[in-house]
Each structure stands twice: as structure tokens, then as C-alpha cells.
>>> print(open('structure-v2.pdb').read())   # PDB, C-alpha atoms, pLDDT in the B column
ATOM      1  CA  MET A   1     108.859 -12.126  -5.192  1.00 49.00           C
ATOM      2  CA  ALA A   2     111.181 -13.949  -2.787  1.00 50.00           C
ATOM      3  CA  ALA A   3     112.040 -17.553  -3.513  1.00 50.00           C
ATOM      4  CA  LYS A   4     110.470 -20.138  -1.247  1.00 64.00           C
ATOM      5  CA  ASN A   5     112.825 -21.568   1.367  1.00 72.00           C
ATOM      6  CA  PRO A   6     113.496 -25.187   0.306  1.00 71.00           C
ATOM      7  CA  ASP A   7     114.044 -26.207   3.940  1.00 90.00           C
ATOM      8  CA  ILE A   8     110.441 -25.377   4.851  1.00 94.00           C
ATOM      9  CA  ILE A   9     108.414 -28.553   4.465  1.00 94.00           C
ATOM     10  CA  GLU A  10     104.627 -28.403   4.104  1.00 95.00           C
ATOM     11  CA  PHE A  11     102.738 -31.470   5.265  1.00 97.00           C
ATOM     12  CA  GLU A  12      99.285 -32.636   6.244  1.00 96.00           C
ATOM     13  CA  HIS A  13      98.269 -34.055   9.603  1.00 96.00           C
ATOM     14  CA  LYS A  14      94.716 -34.868  10.664  1.00 95.00           C
ATOM     15  CA  GLY A  15      93.362 -33.109   7.582  1.00 96.00           C
ATOM     16  CA  LYS A  16      95.167 -29.826   8.302  1.00 96.00           C
ATOM     17  CA  ARG A  17      98.200 -28.217   6.663  1.00 97.00           C
ATOM     18  CA  PHE A  18     101.334 -27.455   8.673  1.00 98.00           C
ATOM     19  CA  GLU A  19     104.912 -26.354   8.047  1.00 97.00           C
ATOM     20  CA  ALA A  20     108.158 -27.535   9.597  1.00 97.00           C
ATOM     21  CA  ASP A  21     111.795 -26.577   9.233  1.00 97.00           C
ATOM     22  CA  GLY A  22     113.491 -29.503   7.527  1.00 95.00           C
ATOM     23  CA  ARG A  23     116.923 -28.260   8.551  1.00 95.00           C
ATOM     24  CA  ALA A  24     115.870 -28.263  12.222  1.00 97.00           C
ATOM     25  CA  LEU A  25     114.457 -31.777  11.869  1.00 96.00           C
ATOM     26  CA  ARG A  26     117.858 -32.971  10.629  1.00 94.00           C
ATOM     27  CA  ASP A  27     119.855 -31.068  13.278  1.00 96.00           C
ATOM     28  CA  TYR A  28     121.520 -33.332  15.858  1.00 97.00           C
ATOM     29  CA  GLY A  29     120.937 -30.865  18.703  1.00 97.00           C
ATOM     30  CA  VAL A  30     117.221 -30.735  17.929  1.00 96.00           C
ATOM     31  CA  ILE A  31     116.980 -34.522  17.644  1.00 95.00           C
ATOM     32  CA  LYS A  32     118.813 -34.839  20.970  1.00 97.00           C
ATOM     33  CA  GLY A  33     116.422 -32.321  22.568  1.00 96.00           C
ATOM     34  CA  ILE A  34     113.432 -34.362  21.414  1.00 95.00           C
ATOM     35  CA  ALA A  35     114.942 -37.640  22.603  1.00 95.00           C
ATOM     36  CA  ARG A  36     115.802 -36.271  26.063  1.00 96.00           C
ATOM     37  CA  VAL A  37     112.261 -35.149  26.916  1.00 92.00           C
ATOM     38  CA  GLU A  38     112.287 -36.989  30.265  1.00 93.00           C
ATOM     39  CA  LYS A  39     115.617 -35.505  31.404  1.00 96.00           C
ATOM     40  CA  ASP A  40     115.253 -32.037  29.884  1.00 95.00           C
ATOM     41  CA  PRO A  41     111.648 -30.963  29.208  1.00 94.00           C
ATOM     42  CA  ALA A  42     112.728 -27.378  28.460  1.00 95.00           C
ATOM     43  CA  GLY A  43     115.121 -28.627  25.766  1.00 95.00           C
ATOM     44  CA  TYR A  44     112.302 -30.696  24.292  1.00 95.00           C
ATOM     45  CA  PHE A  45     110.040 -27.672  23.960  1.00 95.00           C
ATOM     46  CA  ASP A  46     112.905 -25.558  22.586  1.00 97.00           C
ATOM     47  CA  SER A  47     113.435 -28.230  19.935  1.00 97.00           C
ATOM     48  CA  LEU A  48     109.751 -28.298  19.018  1.00 96.00           C
ATOM     49  CA  GLU A  49     109.786 -24.524  18.741  1.00 97.00           C
ATOM     50  CA  ALA A  50     112.725 -24.773  16.318  1.00 98.00           C
ATOM     51  CA  VAL A  51     111.052 -27.485  14.224  1.00 98.00           C
ATOM     52  CA  PHE A  52     107.753 -25.626  13.954  1.00 98.00           C
ATOM     53  CA  MET A  53     109.409 -22.199  13.613  1.00 97.00           C
ATOM     54  CA  GLY A  54     107.790 -20.712  16.698  1.00 97.00           C
ATOM     55  CA  ARG A  55     104.306 -21.891  15.728  1.00 97.00           C
ATOM     56  CA  ASP A  56     104.205 -24.927  18.041  1.00 96.00           C
ATOM     57  CA  GLU A  57     101.699 -23.328  20.433  1.00 95.00           C
ATOM     58  CA  GLU A  58      99.489 -22.266  17.530  1.00 96.00           C
ATOM     59  CA  TYR A  59      99.621 -25.777  16.082  1.00 97.00           C
ATOM     60  CA  MET A  60      98.773 -27.363  19.434  1.00 96.00           C
ATOM     61  CA  ALA A  61      95.808 -25.038  19.866  1.00 95.00           C
ATOM     62  CA  GLU A  62      94.649 -26.014  16.385  1.00 94.00           C
ATOM     63  CA  LEU A  63      94.942 -29.730  17.194  1.00 94.00           C
ATOM     64  CA  GLY A  64      93.436 -29.501  20.661  1.00 92.00           C
ATOM     65  CA  GLY A  65      96.645 -29.737  22.690  1.00 84.00           C
ATOM     66  CA  GLY A  66      98.038 -32.686  24.570  1.00 85.00           C
ATOM     67  CA  ALA A  67     101.326 -34.552  24.469  1.00 85.00           C
ATOM     68  CA  SER A  68     100.045 -37.232  22.102  1.00 90.00           C
ATOM     69  CA  GLU A  69      98.983 -34.539  19.635  1.00 93.00           C
ATOM     70  CA  MET A  70     102.479 -33.047  19.668  1.00 93.00           C
ATOM     71  CA  GLU A  71     104.082 -36.463  19.245  1.00 93.00           C
ATOM     72  CA  GLY A  72     101.830 -37.181  16.270  1.00 95.00           C
ATOM     73  CA  LEU A  73     102.537 -33.813  14.682  1.00 97.00           C
ATOM     74  CA  TYR A  74     106.295 -34.228  15.151  1.00 96.00           C
ATOM     75  CA  ALA A  75     106.162 -37.744  13.661  1.00 96.00           C
ATOM     76  CA  ALA A  76     104.214 -36.448  10.650  1.00 97.00           C
ATOM     77  CA  ALA A  77     106.759 -33.652  10.151  1.00 97.00           C
ATOM     78  CA  ALA A  78     109.692 -36.076  10.388  1.00 95.00           C
ATOM     79  CA  LYS A  79     108.027 -38.403   7.873  1.00 95.00           C
ATOM     80  CA  ALA A  80     107.411 -35.495   5.484  1.00 95.00           C
ATOM     81  CA  VAL A  81     111.063 -34.429   5.698  1.00 90.00           C
ATOM     82  CA  ALA A  82     112.243 -37.997   5.059  1.00 88.00           C
ATOM     83  CA  SER A  83     109.883 -38.278   2.078  1.00 87.00           C
ATOM     84  CA  ALA A  84     111.040 -34.940   0.660  1.00 80.00           C
ATOM     85  CA  LYS A  85     114.677 -35.972   1.049  1.00 68.00           C
ATOM     86  CA  ASN A  86     114.047 -39.211  -0.857  1.00 61.00           C
ATOM     87  CA  SER A  87     112.104 -37.627  -3.716  1.00 56.00           C
TER
END
>>> encode(input="structure-v2.pdb", output="C-alpha cells")
Amino acid sequence: MAAKNPDIIEFEHKGKRFEADGRALRDYGVIKGIARVEKDPAGYFDSLEAVFMGRDEEYMAELGGGASEMEGLYAAAAKAVASAKNS
């Protein structure tokens, strides 16, 4: 059996389980892509795809879509990574 990737963080948001790539959440290029959403929407979505390992569309469908849903999911993932780093 393969060892579990320690950079994959499991977290809960709105009563559902999700996974995020902790390495991507700590990557400066990804953080910059998220922060520059107004200037570079494509970079923002590329960054979300990296964080959620290509499952961003699936996760949005599960949560009902919408920008506020994505912001909440990203915030929950970032909090989970920070908590995992400090434990």
C-alpha cells in the first residue's frame, strides 16, 4: 500500500469533506494568483485548480457554485493547512 502524501490536507467545510494540496497553498505563485483575481482571473482559477488538485469544479458543484462558495472553501483549506503546520 502506498504511503499517504503528507502534503494532502483533508478538511471539513459546510459539513462535507474536502482535500487540498498543502504545498500549493504555501506556494508563492499560487498565493499571488489568488490575490490577483481582479487583474488575472485565469491565474486565479489556475491557482484554485492547483490547490484543489483539479477537483475545483467538482467541489463547486457539490457546494452549489458561486464565488462566495469558492472563497469560503479556499479560506477553510488555508486554515486547515495553517492548523496542520502548527500541530
>>> resolve_selection(input="structure-v2.pdb", expression="the PyMOL selection byres ((chain A and resi 8) around 10)", output="list of chain:residue names")
A:Lys4, A:Asn5, A:Pro6, A:Asp7, A:Ile9, A:Glu10, A:Phe11, A:Glu19, A:Ala20, A:Asp21, A:Gly22, A:Arg23, A:Ala24, A:Val51, A:Phe52, A:Met53, A:Val81
>>> closest_residue(input="structure-v2.pdb", among="A:Met70, A:Arg17, A:Gly65, A:Lys79", to="Ile34 in chain A", atoms="only C-alpha atoms")
A:Met70
>>> resolve_selection(input="structure-v2.pdb", expression="the PyMOL selection byres ((chain A and resi 37-48) around 10)", output="PyMOL selection string")
chain A and resi 20+24-25+27+29-36+49-57+70-71+74
>>> closest_residue(input="structure-v2.pdb", among="A:Phe18, A:Ala82, A:Arg26, A:Ala76", to="Glu58 in chain A", atoms="all atoms listed in the file")
A:Phe18
>>> atom_distance(input="structure-v2.pdb", atom1="CA of Ser83 in chain A", atom2="CA of Gly64 in chain A")
26.3 Å
>>> atom_distance(input="structure-v2.pdb", atom1="CA of Leu63 in chain A", atom2="CA of Ala77 in chain A")
14.3 Å
>>> decode(input="structure-v2.pdb", residues="range 2-86 of chain A", atoms="C-alpha atoms", output="PDB file, in the first residue's frame")
ATOM      1  CA  ALA A   2       1.354   3.432  -0.943  1.00  0.00           C
ATOM      2  CA  ALA A   3       2.044   5.906   1.823  1.00  0.00           C
ATOM      3  CA  LYS A   4      -0.344   8.823   2.095  1.00  0.00           C
ATOM      4  CA  ASN A   5       1.019  12.097   0.735  1.00  0.00           C
ATOM      5  CA  PRO A   6       1.624  14.330   3.787  1.00  0.00           C
ATOM      6  CA  ASP A   7       1.010  17.455   1.689  1.00  0.00           C
ATOM      7  CA  ILE A   8      -2.608  16.465   1.038  1.00  0.00           C
ATOM      8  CA  ILE A   9      -4.728  18.086   3.725  1.00  0.00           C
ATOM      9  CA  GLU A  10      -8.222  16.779   4.488  1.00  0.00           C
ATOM     10  CA  PHE A  11     -10.642  19.299   5.942  1.00  0.00           C
ATOM     11  CA  GLU A  12     -14.325  19.883   6.528  1.00  0.00           C
ATOM     12  CA  HIS A  13     -16.388  22.737   5.139  1.00  0.00           C
ATOM     13  CA  LYS A  14     -20.156  23.080   5.449  1.00  0.00           C
ATOM     14  CA  GLY A  15     -20.400  19.532   6.781  1.00  0.00           C
ATOM     15  CA  LYS A  16     -18.578  17.978   3.811  1.00  0.00           C
ATOM     16  CA  ARG A  17     -15.065  16.552   3.488  1.00  0.00           C
ATOM     17  CA  PHE A  18     -12.581  18.015   1.013  1.00  0.00           C
ATOM     18  CA  GLU A  19      -8.887  17.728   0.190  1.00  0.00           C
ATOM     19  CA  ALA A  20      -6.346  20.394  -0.689  1.00  0.00           C
ATOM     20  CA  ASP A  21      -2.685  20.389  -1.621  1.00  0.00           C
ATOM     21  CA  GLY A  22      -0.853  21.973   1.291  1.00  0.00           C
ATOM     22  CA  ARG A  23       2.243  22.550  -0.819  1.00  0.00           C
ATOM     23  CA  ALA A  24       0.188  24.526  -3.361  1.00  0.00           C
ATOM     24  CA  LEU A  25      -1.387  26.577  -0.572  1.00  0.00           C
ATOM     25  CA  ARG A  26       2.099  27.587   0.593  1.00  0.00           C
ATOM     26  CA  ASP A  27       3.422  28.295  -2.925  1.00  0.00           C
ATOM     27  CA  TYR A  28       4.059  31.995  -3.604  1.00  0.00           C
ATOM     28  CA  GLY A  29       2.920  31.736  -7.231  1.00  0.00           C
ATOM     29  CA  VAL A  30      -0.390  30.211  -6.162  1.00  0.00           C
ATOM     30  CA  ILE A  31      -0.893  32.810  -3.427  1.00  0.00           C
ATOM     31  CA  LYS A  32      -0.127  35.551  -5.962  1.00  0.00           C
ATOM     32  CA  GLY A  33      -2.629  34.028  -8.418  1.00  0.00           C
ATOM     33  CA  ILE A  34      -5.340  34.082  -5.757  1.00  0.00           C
ATOM     34  CA  ALA A  35      -4.547  37.651  -4.720  1.00  0.00           C
ATOM     35  CA  ARG A  36      -4.591  38.962  -8.308  1.00  0.00           C
ATOM     36  CA  VAL A  37      -8.106  37.733  -9.117  1.00  0.00           C
ATOM     37  CA  GLU A  38      -9.213  41.164 -10.385  1.00  0.00           C
ATOM     38  CA  LYS A  39      -6.225  41.605 -12.722  1.00  0.00           C
ATOM     39  CA  ASP A  40      -5.812  37.986 -13.819  1.00  0.00           C
ATOM     40  CA  PRO A  41      -8.955  35.842 -13.459  1.00  0.00           C
ATOM     41  CA  ALA A  42      -7.375  32.979 -15.430  1.00  0.00           C
ATOM     42  CA  GLY A  43      -4.439  32.883 -12.998  1.00  0.00           C
ATOM     43  CA  TYR A  44      -6.898  32.806 -10.109  1.00  0.00           C
ATOM     44  CA  PHE A  45      -8.677  29.758 -11.494  1.00  0.00           C
ATOM     45  CA  ASP A  46      -5.354  28.072 -12.318  1.00  0.00           C
ATOM     46  CA  SER A  47      -4.340  28.588  -8.691  1.00  0.00           C
ATOM     47  CA  LEU A  48      -7.596  27.132  -7.391  1.00  0.00           C
ATOM     48  CA  GLU A  49      -7.131  24.146  -9.669  1.00  0.00           C
ATOM     49  CA  ALA A  50      -3.657  23.607  -8.179  1.00  0.00           C
ATOM     50  CA  VAL A  51      -4.908  23.928  -4.592  1.00  0.00           C
ATOM     51  CA  PHE A  52      -7.802  21.523  -5.094  1.00  0.00           C
ATOM     52  CA  MET A  53      -5.803  19.175  -7.351  1.00  0.00           C
ATOM     53  CA  GLY A  54      -8.091  19.531 -10.350  1.00  0.00           C
ATOM     54  CA  ARG A  55     -11.246  18.925  -8.313  1.00  0.00           C
ATOM     55  CA  ASP A  56     -12.289  22.586  -8.011  1.00  0.00           C
ATOM     56  CA  GLU A  57     -15.214  22.207 -10.431  1.00  0.00           C
ATOM     57  CA  GLU A  58     -16.390  19.069  -8.639  1.00  0.00           C
ATOM     58  CA  TYR A  59     -16.179  20.847  -5.288  1.00  0.00           C
ATOM     59  CA  MET A  60     -18.096  23.865  -6.586  1.00  0.00           C
ATOM     60  CA  ALA A  61     -20.829  21.626  -7.966  1.00  0.00           C
ATOM     61  CA  GLU A  62     -21.029  19.931  -4.574  1.00  0.00           C
ATOM     62  CA  LEU A  63     -21.329  23.284  -2.778  1.00  0.00           C
ATOM     63  CA  GLY A  64     -23.737  24.843  -5.250  1.00  0.00           C
ATOM     64  CA  GLY A  65     -21.280  27.085  -7.097  1.00  0.00           C
ATOM     65  CA  GLY A  66     -20.766  30.800  -6.767  1.00  0.00           C
ATOM     66  CA  ALA A  67     -17.777  32.980  -5.984  1.00  0.00           C
ATOM     67  CA  SER A  68     -18.571  33.210  -2.278  1.00  0.00           C
ATOM     68  CA  GLU A  69     -18.625  29.414  -2.058  1.00  0.00           C
ATOM     69  CA  MET A  70     -15.162  29.215  -3.611  1.00  0.00           C
ATOM     70  CA  GLU A  71     -13.832  31.926  -1.308  1.00  0.00           C
ATOM     71  CA  GLY A  72     -15.195  30.067   1.712  1.00  0.00           C
ATOM     72  CA  LEU A  73     -13.751  26.757   0.562  1.00  0.00           C
ATOM     73  CA  TYR A  74     -10.340  28.320  -0.102  1.00  0.00           C
ATOM     74  CA  ALA A  75     -10.369  30.008   3.326  1.00  0.00           C
ATOM     75  CA  ALA A  76     -11.244  26.696   5.003  1.00  0.00           C
ATOM     76  CA  ALA A  77      -8.412  24.952   3.137  1.00  0.00           C
ATOM     77  CA  ALA A  78      -5.910  27.666   4.092  1.00  0.00           C
ATOM     78  CA  LYS A  79      -6.996  27.442   7.737  1.00  0.00           C
ATOM     79  CA  ALA A  80      -6.626  23.648   7.688  1.00  0.00           C
ATOM     80  CA  VAL A  81      -3.106  23.919   6.257  1.00  0.00           C
ATOM     81  CA  ALA A  82      -2.131  26.503   8.884  1.00  0.00           C
ATOM     82  CA  SER A  83      -3.554  24.284  11.639  1.00  0.00           C
ATOM     83  CA  ALA A  84      -1.732  21.217  10.313  1.00  0.00           C
ATOM     84  CA  LYS A  85       1.527  23.162  10.132  1.00  0.00           C
ATOM     85  CA  ASN A  86       1.169  24.260  13.763  1.00  0.00           C
TER      86      ASN A  86
END
